[in-house]
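Data file: input-v6.cif. Format and content: mmCIF, C-alpha atoms and all ligand atoms.
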data_protein
loop_
_atom_site.label_atom_id
_atom_site.label_comp_id
_atom_site.auth_asym_id
_atom_site.auth_seq_id
_atom_site.Cartn_x
_atom_site.Cartn_y
_atom_site.Cartn_z
CA MET F 1 2.15 8.98 10.16
CA ALA F 2 -0.54 8.26 12.74
CA VAL F 3 -0.69 4.56 13.40
CA LYS F 4 -3.39 2.90 15.43
CA THR F 5 -2.57 -0.51 16.83
CA SER F 6 -4.94 -3.10 18.18
CA ILE F 7 -4.20 -6.39 19.88
CA GLY F 8 -6.34 -9.51 19.66
CA LEU F 9 -6.07 -12.09 22.45
CA ASP F 10 -7.33 -15.63 21.93
CA ILE F 11 -7.36 -17.83 25.03
CA GLY F 12 -7.60 -21.31 23.53
CA SER F 13 -7.46 -24.62 25.34
CA THR F 14 -3.90 -25.36 24.23
CA ALA F 15 -2.39 -21.87 24.16
CA VAL F 16 -2.83 -18.12 24.53
CA ARG F 17 -2.18 -16.21 21.31
CA ALA F 18 -1.79 -12.49 20.78
CA VAL F 19 -1.73 -10.66 17.45
CA GLU F 20 -0.92 -6.95 17.15
CA ALA F 21 -2.05 -5.19 14.00
CA ALA F 22 -1.40 -1.61 12.97
CA ARG F 23 -3.77 0.43 10.87
CA GLY F 24 -1.86 3.13 9.00
CA LYS F 25 -2.56 5.25 5.95
CA GLN F 26 -1.64 2.38 3.69
CA GLY F 27 -3.90 -0.13 5.39
CA LEU F 28 -3.47 -2.96 7.82
CA SER F 29 -0.26 -4.64 8.79
CA LEU F 30 0.90 -7.31 11.21
CA THR F 31 3.36 -5.99 13.77
CA ARG F 32 3.59 -8.70 16.49
CA PHE F 33 2.56 -12.28 17.02
CA ALA F 34 3.26 -14.49 20.02
CA VAL F 35 1.99 -17.76 21.47
CA GLN F 36 2.31 -19.15 24.97
CA PRO F 37 1.27 -22.78 25.52
CA LEU F 38 -1.10 -23.55 28.39
CA PRO F 39 -0.96 -26.56 30.69
CA ALA F 40 -3.58 -29.22 29.92
CA GLY F 41 -6.87 -28.53 31.68
CA ALA F 42 -6.30 -24.80 32.32
CA VAL F 43 -8.97 -23.92 29.74
CA SER F 44 -11.56 -26.21 28.29
CA GLY F 45 -14.23 -25.46 25.72
CA GLY F 46 -13.77 -21.71 26.17
CA VAL F 47 -14.08 -21.87 29.97
CA ILE F 48 -11.16 -20.99 32.26
CA ARG F 49 -10.60 -23.68 34.91
CA ASP F 50 -7.23 -22.50 36.23
CA GLY F 51 -7.12 -18.71 36.25
CA GLN F 52 -3.61 -18.51 37.68
CA ALA F 53 -2.12 -20.61 34.90
CA VAL F 54 -3.78 -18.41 32.28
CA THR F 55 -2.76 -15.17 34.00
CA SER F 56 0.83 -16.28 34.22
CA ALA F 57 0.84 -17.36 30.53
CA ILE F 58 -0.44 -13.89 29.54
CA LYS F 59 2.13 -12.17 31.77
CA HIS F 60 4.82 -14.25 30.12
CA LEU F 61 3.58 -13.22 26.66
CA TRP F 62 3.82 -9.53 27.54
CA GLY F 63 7.08 -9.95 29.46
CA SER F 64 8.89 -11.57 26.57
CA ASN F 65 7.45 -9.70 23.59
CA ARG F 66 7.43 -6.00 22.88
CA PHE F 67 3.68 -5.46 22.44
CA ARG F 68 2.91 -1.76 21.97
CA GLY F 69 0.09 -1.63 24.44
CA ARG F 70 -1.90 -3.35 27.13
CA GLN F 71 -5.36 -2.88 25.70
CA VAL F 72 -6.74 -6.03 24.12
CA VAL F 73 -9.79 -7.36 22.31
CA LEU F 74 -10.73 -10.68 23.86
CA GLY F 75 -12.32 -13.61 22.02
CA VAL F 76 -15.16 -15.74 23.33
CA THR F 77 -15.96 -19.30 22.29
CA ASN F 78 -18.69 -21.06 24.17
CA ARG F 79 -21.26 -23.65 23.20
CA GLN F 80 -23.95 -21.61 24.96
CA VAL F 81 -23.43 -18.56 22.77
CA VAL F 82 -26.52 -17.82 20.72
CA VAL F 83 -26.47 -15.82 17.51
CA ARG F 84 -29.86 -15.54 15.94
CA GLU F 85 -31.51 -13.34 13.37
CA MET F 86 -34.62 -11.69 14.75
CA ALA F 87 -36.76 -8.57 14.61
CA VAL F 88 -37.07 -6.34 17.67
CA SER F 89 -38.76 -3.00 18.35
CA ASN F 90 -37.02 -0.28 16.41
CA LEU F 91 -35.67 1.98 19.19
CA PRO F 92 -32.60 4.20 19.40
CA ASP F 93 -29.47 2.10 20.17
CA LYS F 94 -29.28 2.85 23.87
CA GLU F 95 -32.95 2.11 24.55
CA LEU F 96 -32.86 -0.94 22.32
CA ARG F 97 -30.03 -2.43 24.44
CA LYS F 98 -31.98 -1.72 27.60
CA SER F 99 -35.10 -3.36 26.20
CA LEU F 100 -33.33 -6.51 24.99
CA PRO F 101 -33.80 -8.61 28.14
CA PHE F 102 -37.57 -8.14 27.84
CA GLN F 103 -37.71 -8.66 24.10
CA VAL F 104 -35.64 -11.85 23.94
CA ARG F 105 -36.36 -13.53 27.27
CA GLN F 106 -38.44 -16.29 25.67
CA ILE F 107 -35.82 -17.57 23.27
CA LEU F 108 -32.72 -17.65 25.48
CA PRO F 109 -31.28 -20.98 26.61
CA LEU F 110 -30.08 -19.33 29.84
CA PRO F 111 -31.94 -17.10 32.30
CA VAL F 112 -31.62 -13.54 31.11
CA GLU F 113 -29.81 -12.46 34.29
CA HIS F 114 -27.00 -14.92 33.47
CA SER F 115 -26.60 -13.69 29.89
CA LEU F 116 -24.74 -10.85 28.19
CA LEU F 117 -26.87 -9.50 25.37
CA ASP F 118 -26.20 -7.47 22.28
CA PHE F 119 -27.98 -6.67 19.05
CA HIS F 120 -26.39 -5.98 15.71
CA ARG F 121 -28.70 -4.23 13.22
CA LEU F 122 -28.73 -5.77 9.77
CA ALA F 123 -30.61 -2.90 8.15
CA GLU F 124 -28.92 0.47 8.73
CA HIS F 125 -31.99 2.66 9.18
CA GLY F 126 -35.10 0.60 9.68
CA SER F 127 -38.00 3.04 9.55
CA GLY F 128 -40.74 0.60 10.56
CA SER F 129 -41.78 -0.32 14.05
CA THR F 130 -39.39 -3.27 14.08
CA VAL F 131 -35.81 -3.73 12.90
CA LYS F 132 -34.08 -6.90 11.72
CA GLY F 133 -30.73 -7.83 13.18
CA LEU F 134 -28.62 -10.41 14.97
CA LEU F 135 -29.24 -11.12 18.61
CA ILE F 136 -26.08 -12.18 20.39
CA ALA F 137 -26.34 -13.80 23.81
CA ALA F 138 -23.34 -15.10 25.73
CA PRO F 139 -23.22 -16.70 29.17
CA LYS F 140 -22.15 -14.00 31.59
CA GLU F 141 -20.07 -15.90 34.11
CA PRO F 142 -17.42 -17.54 31.88
CA VAL F 143 -17.01 -14.29 29.93
CA LEU F 144 -16.48 -12.23 33.10
CA THR F 145 -14.01 -14.84 34.40
CA MET F 146 -12.06 -14.50 31.17
CA VAL F 147 -12.03 -10.70 31.44
CA ASN F 148 -10.89 -10.82 35.10
CA THR F 149 -8.18 -13.37 34.39
CA THR F 150 -6.82 -11.18 31.59
CA GLU F 151 -6.93 -8.04 33.74
CA GLN F 152 -5.11 -9.88 36.53
CA ALA F 153 -2.20 -10.07 34.11
CA GLY F 154 -2.11 -6.26 33.90
CA LEU F 155 -4.02 -5.91 30.62
CA GLN F 156 -7.15 -3.93 29.92
CA VAL F 157 -9.99 -5.58 28.00
CA VAL F 158 -11.45 -2.90 25.73
CA GLU F 159 -13.78 -5.18 23.87
CA VAL F 160 -15.08 -8.74 23.94
CA ASP F 161 -15.98 -10.32 20.65
CA LEU F 162 -17.17 -13.71 19.48
CA ALA F 163 -14.50 -15.96 18.02
CA SER F 164 -16.92 -16.66 15.16
CA PHE F 165 -17.08 -12.96 14.18
CA ALA F 166 -13.31 -12.75 14.42
CA LEU F 167 -13.09 -15.70 12.01
CA LEU F 168 -15.41 -13.90 9.62
CA ARG F 169 -13.00 -10.97 9.51
CA SER F 170 -9.79 -12.97 9.14
CA ALA F 171 -10.79 -16.02 7.17
CA SER F 172 -13.79 -15.25 4.98
CA ARG F 173 -13.65 -14.80 1.23
CA LEU F 174 -16.32 -12.48 -0.07
CA ASP F 175 -17.31 -13.71 -3.48
CA ALA F 176 -21.07 -14.23 -3.26
CA VAL F 177 -20.64 -17.91 -2.45
CA VAL F 178 -22.23 -19.33 0.73
CA GLU F 179 -19.11 -20.23 2.70
CA ALA F 180 -18.65 -22.10 5.98
CA ILE F 181 -15.62 -21.26 8.07
CA VAL F 182 -14.85 -24.18 10.35
CA ASP F 183 -12.21 -23.61 13.03
CA ILE F 184 -11.25 -26.92 14.61
CA GLY F 185 -9.52 -26.38 17.95
CA ALA F 186 -8.58 -28.93 20.59
CA GLN F 187 -11.89 -28.97 22.45
CA ALA F 188 -14.18 -26.76 20.44
CA THR F 189 -15.06 -26.33 16.80
CA THR F 190 -16.57 -23.05 15.67
CA VAL F 191 -18.78 -23.11 12.58
CA VAL F 192 -19.85 -19.85 10.98
CA VAL F 193 -21.66 -19.87 7.66
CA HIS F 194 -21.93 -16.57 5.81
CA ALA F 195 -23.10 -15.11 2.55
CA ASP F 196 -20.85 -12.24 1.53
CA GLY F 197 -19.79 -11.58 5.13
CA GLN F 198 -23.30 -11.68 6.59
CA PRO F 199 -23.53 -14.54 9.12
CA LEU F 200 -26.31 -17.07 8.48
CA ILE F 201 -25.56 -19.48 11.32
CA VAL F 202 -23.01 -19.57 14.10
CA ARG F 203 -22.43 -22.71 16.16
CA THR F 204 -19.90 -24.04 18.63
CA ILE F 205 -19.52 -27.81 18.58
CA PRO F 206 -17.96 -29.13 21.80
CA ARG F 207 -15.53 -31.38 19.93
CA GLY F 208 -12.08 -30.99 18.42
CA GLY F 209 -8.68 -32.53 17.85
CA HIS F 210 -8.16 -33.58 21.45
CA GLU F 211 -10.89 -36.19 21.15
CA ILE F 212 -9.03 -37.87 18.28
CA THR F 213 -5.78 -38.06 20.26
CA ASP F 214 -7.69 -39.45 23.22
CA VAL F 215 -9.40 -42.20 21.24
CA LEU F 216 -6.13 -43.14 19.55
CA ALA F 217 -4.24 -43.33 22.86
CA LYS F 218 -6.90 -45.57 24.40
CA ARG F 219 -7.32 -47.88 21.41
CA ARG F 220 -3.64 -48.36 20.75
CA GLU F 221 -2.76 -48.34 24.45
CA ILE F 222 -0.12 -45.68 23.91
CA SER F 223 0.65 -42.39 25.70
CA GLU F 224 -1.12 -39.14 24.77
CA GLU F 225 2.19 -37.83 23.41
CA ALA F 226 2.69 -40.87 21.17
CA ALA F 227 -0.92 -40.65 20.00
CA GLU F 228 -0.50 -36.94 19.21
CA THR F 229 2.60 -37.68 17.12
CA ALA F 230 0.91 -40.54 15.25
CA LYS F 231 -2.11 -38.34 14.59
CA HIS F 232 0.06 -35.61 13.05
CA GLN F 233 2.10 -38.05 10.98
CA VAL F 234 -0.58 -40.43 9.73
CA GLY F 235 -3.89 -38.67 10.20
CA LEU F 236 -6.50 -40.15 7.88
CA VAL F 237 -4.06 -41.30 5.20
CA PRO F 238 -3.66 -45.09 5.39
CA GLY F 239 -0.30 -45.18 3.49
CA THR F 240 2.14 -45.54 6.39
CA ASP F 241 -0.07 -46.98 9.12
CA PRO F 242 -3.54 -48.16 8.06
CA GLU F 243 -4.53 -49.09 11.62
CA VAL F 244 -3.88 -45.62 12.98
CA ALA F 245 -5.69 -44.09 9.99
CA ALA F 246 -8.70 -46.33 10.64
CA VAL F 247 -8.93 -45.30 14.31
CA VAL F 248 -8.53 -41.61 13.41
CA GLY F 249 -11.26 -42.05 10.78
CA GLU F 250 -13.62 -43.42 13.40
CA ALA F 251 -12.69 -40.76 15.96
CA VAL F 252 -13.35 -37.88 13.57
CA ARG F 253 -16.77 -39.14 12.49
CA PRO F 254 -18.86 -37.49 15.26
CA LEU F 255 -17.36 -34.09 14.38
CA VAL F 256 -18.04 -34.60 10.66
CA ASN F 257 -21.63 -35.57 11.50
CA GLU F 258 -22.11 -32.41 13.57
CA ILE F 259 -20.80 -30.23 10.75
CA ARG F 260 -23.13 -32.04 8.35
CA SER F 261 -26.12 -31.45 10.61
CA SER F 262 -25.29 -27.72 10.87
CA PHE F 263 -25.36 -27.52 7.08
CA ALA F 264 -28.63 -29.49 6.94
CA TYR F 265 -30.19 -27.15 9.52
CA LEU F 266 -29.28 -24.17 7.37
CA ASN F 267 -30.64 -25.86 4.27
CA ALA F 268 -33.93 -26.59 6.03
CA GLY F 269 -34.22 -22.93 7.12
CA PRO F 270 -36.25 -20.21 5.44
CA GLN F 271 -33.55 -19.30 2.92
CA HIS F 272 -32.67 -22.91 1.96
CA SER F 273 -29.02 -21.86 1.85
CA ARG F 274 -26.61 -24.48 0.64
CA VAL F 275 -22.94 -24.29 1.64
CA ALA F 276 -20.74 -24.30 -1.45
CA ARG F 277 -17.31 -23.90 0.13
CA LEU F 278 -15.82 -24.86 3.47
CA ALA F 279 -12.74 -22.98 4.67
CA LEU F 280 -10.78 -24.74 7.41
CA SER F 281 -8.76 -23.16 10.22
CA GLY F 282 -7.59 -24.08 13.73
CA GLY F 283 -4.91 -26.62 14.63
CA GLY F 284 -7.29 -29.50 13.99
CA SER F 285 -7.47 -28.51 10.32
CA LEU F 286 -3.88 -29.73 9.89
CA LEU F 287 -4.95 -33.37 10.26
CA PRO F 288 -3.56 -35.11 7.15
CA GLY F 289 -6.39 -36.15 4.81
CA LEU F 290 -9.12 -34.13 6.57
CA ALA F 291 -9.83 -31.72 3.71
CA ASP F 292 -10.37 -34.64 1.29
CA LEU F 293 -12.56 -36.50 3.77
CA LEU F 294 -14.78 -33.44 4.34
CA ALA F 295 -15.06 -32.74 0.61
CA ASP F 296 -16.07 -36.34 0.01
CA GLN F 297 -18.47 -36.64 2.94
CA LEU F 298 -20.14 -33.24 2.68
CA GLY F 299 -20.05 -32.71 -1.07
CA VAL F 300 -18.53 -29.22 -0.85
CA GLU F 301 -15.30 -27.62 -2.00
CA VAL F 302 -12.86 -27.61 0.95
CA VAL F 303 -10.00 -25.12 1.19
CA LEU F 304 -7.54 -24.15 3.91
CA ALA F 305 -8.33 -20.62 5.08
CA ASP F 306 -5.57 -18.03 4.80
CA PRO F 307 -6.18 -15.79 7.83
CA VAL F 308 -2.88 -13.95 7.32
CA ALA F 309 -3.95 -12.74 3.85
CA ARG F 310 -5.26 -9.34 4.94
CA ILE F 311 -2.19 -8.40 6.99
CA ARG F 312 0.61 -10.08 5.08
CA ALA F 313 1.45 -7.37 2.57
CA ARG F 314 2.95 -4.86 4.98
CA ALA F 315 3.83 -7.24 7.81
CA GLU F 316 7.02 -6.78 9.83
CA GLY F 317 9.52 -9.54 9.04
CA GLU F 318 9.87 -11.05 12.49
CA ALA F 319 6.13 -11.17 13.16
CA LEU F 320 5.44 -12.61 9.73
CA ALA F 321 8.03 -15.36 10.19
CA ALA F 322 6.47 -16.23 13.56
CA ILE F 323 2.94 -16.44 12.24
CA GLU F 324 3.47 -18.10 8.85
CA GLY F 325 4.16 -21.48 10.42
CA CYS F 326 1.01 -21.44 12.54
CA GLY F 327 -1.45 -19.18 10.76
CA ALA F 328 -4.20 -21.79 11.06
CA GLN F 329 -4.10 -21.56 14.87
CA ALA F 330 -3.91 -17.76 14.79
CA ALA F 331 -7.11 -17.18 12.78
CA VAL F 332 -9.19 -16.10 15.80
CA ALA F 333 -6.52 -13.80 17.28
CA ILE F 334 -5.95 -12.18 13.88
CA GLY F 335 -9.67 -11.52 13.44
CA LEU F 336 -9.87 -10.01 16.92
CA ALA F 337 -7.04 -7.63 16.09
CA LEU F 338 -8.64 -6.70 12.77
CA GLY F 339 -11.66 -4.86 13.92
CA ALA F 340 -14.33 -3.85 16.32
CA GLY F 341 -16.77 -6.50 17.33
CA VAL F 342 -20.40 -6.31 18.24
CA VAL F 343 -20.41 -7.82 21.72
CA ARG F 344 -19.59 -5.46 24.54
N1 LIG B 401 -0.25 -31.14 12.39
C1 LIG B 401 -1.37 -31.46 13.04
N2 LIG B 401 -2.11 -32.51 12.66
C2 LIG B 401 -3.24 -32.84 13.32
N3 LIG B 401 -3.73 -32.15 14.37
C3 LIG B 401 -3.03 -31.09 14.79
C4 LIG B 401 -1.82 -30.68 14.16
N4 LIG B 401 -1.34 -29.58 14.81
C5 LIG B 401 -2.22 -29.32 15.81
N5 LIG B 401 -3.22 -30.23 15.80
C6 LIG B 401 -4.34 -30.31 16.73
O1 LIG B 401 -4.97 -29.05 16.82
C7 LIG B 401 -5.60 -28.92 18.09
C8 LIG B 401 -5.30 -27.56 18.65
O2 LIG B 401 -5.83 -26.59 17.79
P1 LIG B 401 -5.85 -25.05 18.23
O3 LIG B 401 -4.47 -24.65 18.60
O4 LIG B 401 -6.53 -24.31 17.14
O5 LIG B 401 -6.77 -25.16 19.53
P2 LIG B 401 -7.05 -24.09 20.68
O6 LIG B 401 -7.48 -22.82 20.05
O7 LIG B 401 -5.92 -24.03 21.62
O8 LIG B 401 -8.25 -24.81 21.44
P3 LIG B 401 -9.85 -24.51 21.46
O9 LIG B 401 -10.15 -23.66 20.26
O10 LIG B 401 -10.47 -25.85 21.41
O11 LIG B 401 -10.06 -23.82 22.76
C9 LIG B 401 -5.07 -30.04 18.97
O12 LIG B 401 -6.09 -31.01 19.16
C10 LIG B 401 -3.91 -30.61 18.15
O13 LIG B 401 -3.80 -32.01 18.33
MG MG B 402 -9.32 -22.07 19.31
#
Render the structure in this file as structure tokens.
Ligand SMILES: Nc1ncnc2c1ncn2[C@@H]1O[C@H](COP(=O)(O)OP(=O)(O)OP(=O)(O)O)[C@@H](O)[C@H]1O
Ligand SMILES: [Mg+2]
Amino acid sequence: MAVKTSIGLDIGSTAVRAVEAARGKQGLSLTRFAVQPLPAGAVSGGVIRDGQAVTSAIKHLWGSNRFRGRQVVLGVTNRQVVVREMAVSNLPDKELRKSLPFQVRQILPLPVEHSLLDFHRLAEHGSGSTVKGLLIAAPKEPVLTMVNTTEQAGLQVVEVDLASFALLRSASRLDAVVEAIVDIGAQATTVVVHADGQPLIVRTIPRGGHEITDVLAKRREISEEAAETAKHQVGLVPGTDPEVAAVVGEAVRPLVNEIRSSFAYLNAGPQHSRVARLALSGGGSLLPGLADLLADQLGVEVVLADPVARIRARAEGEALAAIEGCGAQAAVAIGLALGAGVVR
């Protein structure tokens, strides 16, 4: 049976994660999963600061796991990424791409020469003079650094995709409800709100779980390690240590406020969309009591995303055992392995 494999590579600020998925006659399956932790500071907010550390982590991943190839789909998270619905001149694909810098110059936060641009048509065959779609703009330099760092490790980047689109593939539930997928990492939180798989807003909030550990360490005058442990054990639940829970509650407030303002922005937009369900992923989603706090503060149903759902049925035992314990952190890598993206 012909089997096509694809490998998603997520370079997060705490670790590099790779997921290999195979697409056979019977559908998708998980065939490999591996994680390699990164030293603190090597990557922050989607930007590589220490290329050598990242390259050696990727080499280690490939050296100690039997991945079936060296071609990878790379994920991008960056607060300067713009995803925006707009209408542009309806040209054939190739010409449309070429014309993008001129058509979108006005609305970009970065000079056009420092941006990577793509356009994803929302209507298949627009016959009018304009076509509606999603403009995607990413800052060129950090993306190219990420590609180079990966290729230094002997891999070939065949595609670059937004972490938010990867999350849509791995973690969304398509049931006509307006759903927000919120991936809380260490230094970045990705919010993507969609209606039946169609993105309505995409945002990267430059905050995550690391901030909570940091505040806790400073307030309690304890080490980062001790603060990390207390955060995992107590989180927002006052039962065992009300003081820790109170500090964590304070530290998480700015992130909750940013998520709230993303939802308010969407609600104030032309479609007045209201988020009905929030699906959580990322390591930060494991904070005890967070789902209840978000449900209470934002007035939405909160669930933990199950990014392994689409590849669990025919997964290979070893890979499944490796991923089941940390599926939340693997949501982006799984989504990258699951399909072609729209950013090239
Ligand atoms: N059990 C837990 N309880 C609370 N927080 C946790 C738990 N496990 C992990 N975290 C937090 O999750 C964060 C890491 O999440 P994740 O692994 O998704 O980030 P990343 O992808 O490496 O980083 P980023 O997406 O920011 O680049 C850390 O801040 C860590 O403290
Ligand atoms: Mg991440």
Margin query: Let me see if you get this right: every residue at most 9 Å from ligand LIG 401 (chain B), counting all atoms listed in the file, written as number ranges by chain.
Written below: F: 10-17, 37-38, 43-47, 77, 183-190, 206-213, 228-235, 281-288, 326, 328-332
Note to self: Here is a test: counting all atoms listed in the file, which residue of F:Phe165, F:Ser115, F:Glu318, F:Gly335 is nearest to Arg66 (chain F)?
What the structure shows: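 When distances to Arg66 (chain F) are compared using all atoms listed in the file, the smallest one comes from F:Glu318.
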Notebook entry, point to check: Do you know which residues are at most 12 Å from Gly339 (chain F) counting only C-alpha atoms, after dropping those on the same chain fewer than 4 positions away, and could you put them as a PyMOL selection string?
Noted result: chain F and resi 4-8+20-23+28+72-75+158-162+165-170+310+332-335
Taking a cut-off of 8 Å and counting all atoms listed in the file, can you build a table that, for each residue of region 139-229 of chain F near region 257-271 of chain F, reports the nearest atom pair and how far apart they are in Å (one decimal), sorted by chain then residue number, as a tab-separated table?
residue	atom	partner	partner_atom	distance
F:Val191	CA	F:Ile259	CA	7.6
F:Leu200	CA	F:Leu266	CA	7.8
F:Ile201	CA	F:Leu266	CA	7.2
F:Arg203	CA	F:Ser262	CA	7.8
F:Ile205	CA	F:Glu258	CA	7.3
Next item on the list: Quick one: everything within 12 Å of Pro199 (chain F), counting all atoms listed in the file, minus sequence neighbours fewer than 5 positions away in the same chain. Send it as a PyMOL selection string.
Entry: chain F and resi 83-85+120+122+133-136+164-169+172+174+178-181+191-194+266+273
Next item on the list: Please provide as number ranges by chain all residues within 6 Å of Ala279 (chain F), with the sequence filter that same-chain residues fewer than 4 positions apart are discarded (counting all atoms listed in the file).
Entry: F: 181, 302-305
How about saving the chosen residues, C-alpha atoms kept, as a short mmCIF file (atom, residue, chain, number, x, y, z; two decimals), in the coordinates of the input?
data_model
loop_
_atom_site.label_atom_id
_atom_site.label_comp_id
_atom_site.auth_asym_id
_atom_site.auth_seq_id
_atom_site.Cartn_x
_atom_site.Cartn_y
_atom_site.Cartn_z
CA ILE F 181 -15.62 -21.26 8.07
CA VAL F 302 -12.86 -27.61 0.95
CA VAL F 303 -10.00 -25.12 1.19
CA LEU F 304 -7.54 -24.15 3.91
CA ALA F 305 -8.33 -20.62 5.08
#
Notebook entry, point to check: Just how far from CA of Ala153 (chain F) is CA of Ile58 (chain F), in Å to one decimal?
Noted result: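 If I compute the distance from CA of Ile58 (chain F) to CA of Ala153 (chain F), I get 6.2 Å.
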Margin query: So that I can check the surroundings of Gln152 (chain F), please list as a ChimeraX atom specification every protein, DNA and RNA residue that reaches within 9 Å of it, counting only C-alpha atoms and ignoring chain neighbours fewer than 5 positions away.
Written below: /F:52,55,59,147
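Interatomic distance, CA of Gln103 (chain F) against CA of Met86 (chain F): 10.3 Å.
Of the listed residues (F:Ala163, F:Val54, F:Pro307, F:Val300), F:Val54 comes nearest to Asn148 (chain F); the distances count only C-alpha atoms.
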Next item on the list: Compare F:Val247, F:Ala276, F:Val157, F:Ile222 by their minimum atom-to-atom distance to Leu298 (chain F), counting only C-alpha atoms, and give me the closest one.
Entry: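 When distances to Leu298 (chain F) are compared using only C-alpha atoms, the smallest one comes from F:Ala276.
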Next item on the list: Write out as an NGL selection string which residues come within 10 Å of Ala226 (chain F) when counting all atoms listed in the file, dropping same-chain ones fewer than 6 positions away.
Entry: :F and (213 or 216-217 or 220)
Please produce a file of those selected residues containing C-alpha atoms, as a PDB file, in the frame of the given file.
ATOM      1  CA  THR F 213      -5.780 -38.060  20.260  1.00  0.00           C
ATOM      2  CA  LEU F 216      -6.130 -43.140  19.550  1.00  0.00           C
ATOM      3  CA  ALA F 217      -4.240 -43.330  22.860  1.00  0.00           C
ATOM      4  CA  ARG F 220      -3.640 -48.360  20.750  1.00  0.00           C
TER       5      ARG F 220
END
Next item on the list: Could you jot down the CA of Leu336 (chain F) to CA of Ala18 (chain F) separation for me, Å, one decimal place?
Entry: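 Separation between CA of Leu336 (chain F) and CA of Ala18 (chain F): 9.3 Å.
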Since fewer atoms than expected are present, regenerate N, CA and C atoms for region 5-19 of chain F and write them as a PDB file, keeping the file's coordinate frame.
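Saved as out-v6.pdb:
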ATOM      1  N   THR F   5      -2.777   0.932  16.723  1.00  0.00           N
ATOM      2  CA  THR F   5      -2.570  -0.510  16.830  1.00  0.00           C
ATOM      3  C   THR F   5      -3.700  -1.124  17.647  1.00  0.00           C
ATOM      4  N   SER F   6      -3.997  -2.368  17.328  1.00  0.00           N
ATOM      5  CA  SER F   6      -4.940  -3.100  18.180  1.00  0.00           C
ATOM      6  C   SER F   6      -4.412  -4.513  18.368  1.00  0.00           C
ATOM      7  N   ILE F   7      -4.735  -5.074  19.538  1.00  0.00           N
ATOM      8  CA  ILE F   7      -4.200  -6.390  19.880  1.00  0.00           C
ATOM      9  C   ILE F   7      -5.363  -7.354  20.150  1.00  0.00           C
ATOM     10  N   GLY F   8      -5.335  -8.474  19.447  1.00  0.00           N
ATOM     11  CA  GLY F   8      -6.340  -9.510  19.660  1.00  0.00           C
ATOM     12  C   GLY F   8      -5.760 -10.593  20.555  1.00  0.00           C
ATOM     13  N   LEU F   9      -6.543 -11.047  21.530  1.00  0.00           N
ATOM     14  CA  LEU F   9      -6.070 -12.090  22.450  1.00  0.00           C
ATOM     15  C   LEU F   9      -7.038 -13.263  22.425  1.00  0.00           C
ATOM     16  N   ASP F  10      -6.520 -14.411  22.002  1.00  0.00           N
ATOM     17  CA  ASP F  10      -7.330 -15.630  21.930  1.00  0.00           C
ATOM     18  C   ASP F  10      -6.845 -16.591  23.013  1.00  0.00           C
ATOM     19  N   ILE F  11      -7.717 -16.874  23.976  1.00  0.00           N
ATOM     20  CA  ILE F  11      -7.360 -17.830  25.030  1.00  0.00           C
ATOM     21  C   ILE F  11      -7.940 -19.177  24.643  1.00  0.00           C
ATOM     22  N   GLY F  12      -7.138 -19.991  23.989  1.00  0.00           N
ATOM     23  CA  GLY F  12      -7.600 -21.310  23.530  1.00  0.00           C
ATOM     24  C   GLY F  12      -7.327 -22.366  24.571  1.00  0.00           C
ATOM     25  N   SER F  13      -7.713 -23.622  24.302  1.00  0.00           N
ATOM     26  CA  SER F  13      -7.460 -24.620  25.340  1.00  0.00           C
ATOM     27  C   SER F  13      -6.039 -25.154  25.313  1.00  0.00           C
ATOM     28  N   THR F  14      -5.296 -24.910  24.225  1.00  0.00           N
ATOM     29  CA  THR F  14      -3.900 -25.360  24.230  1.00  0.00           C
ATOM     30  C   THR F  14      -2.906 -24.212  24.408  1.00  0.00           C
ATOM     31  N   ALA F  15      -3.335 -22.978  24.117  1.00  0.00           N
ATOM     32  CA  ALA F  15      -2.390 -21.870  24.160  1.00  0.00           C
ATOM     33  C   ALA F  15      -3.103 -20.528  24.192  1.00  0.00           C
ATOM     34  N   VAL F  16      -2.359 -19.503  24.631  1.00  0.00           N
ATOM     35  CA  VAL F  16      -2.830 -18.120  24.530  1.00  0.00           C
ATOM     36  C   VAL F  16      -2.074 -17.494  23.361  1.00  0.00           C
ATOM     37  N   ARG F  17      -2.820 -16.810  22.485  1.00  0.00           N
ATOM     38  CA  ARG F  17      -2.180 -16.210  21.310  1.00  0.00           C
ATOM     39  C   ARG F  17      -2.528 -14.739  21.218  1.00  0.00           C
ATOM     40  N   ALA F  18      -1.538 -13.927  20.927  1.00  0.00           N
ATOM     41  CA  ALA F  18      -1.790 -12.490  20.780  1.00  0.00           C
ATOM     42  C   ALA F  18      -1.273 -12.013  19.438  1.00  0.00           C
ATOM     43  N   VAL F  19      -2.108 -11.230  18.749  1.00  0.00           N
ATOM     44  CA  VAL F  19      -1.730 -10.660  17.450  1.00  0.00           C
ATOM     45  C   VAL F  19      -1.889  -9.142  17.559  1.00  0.00           C
TER      46      VAL F  19
END
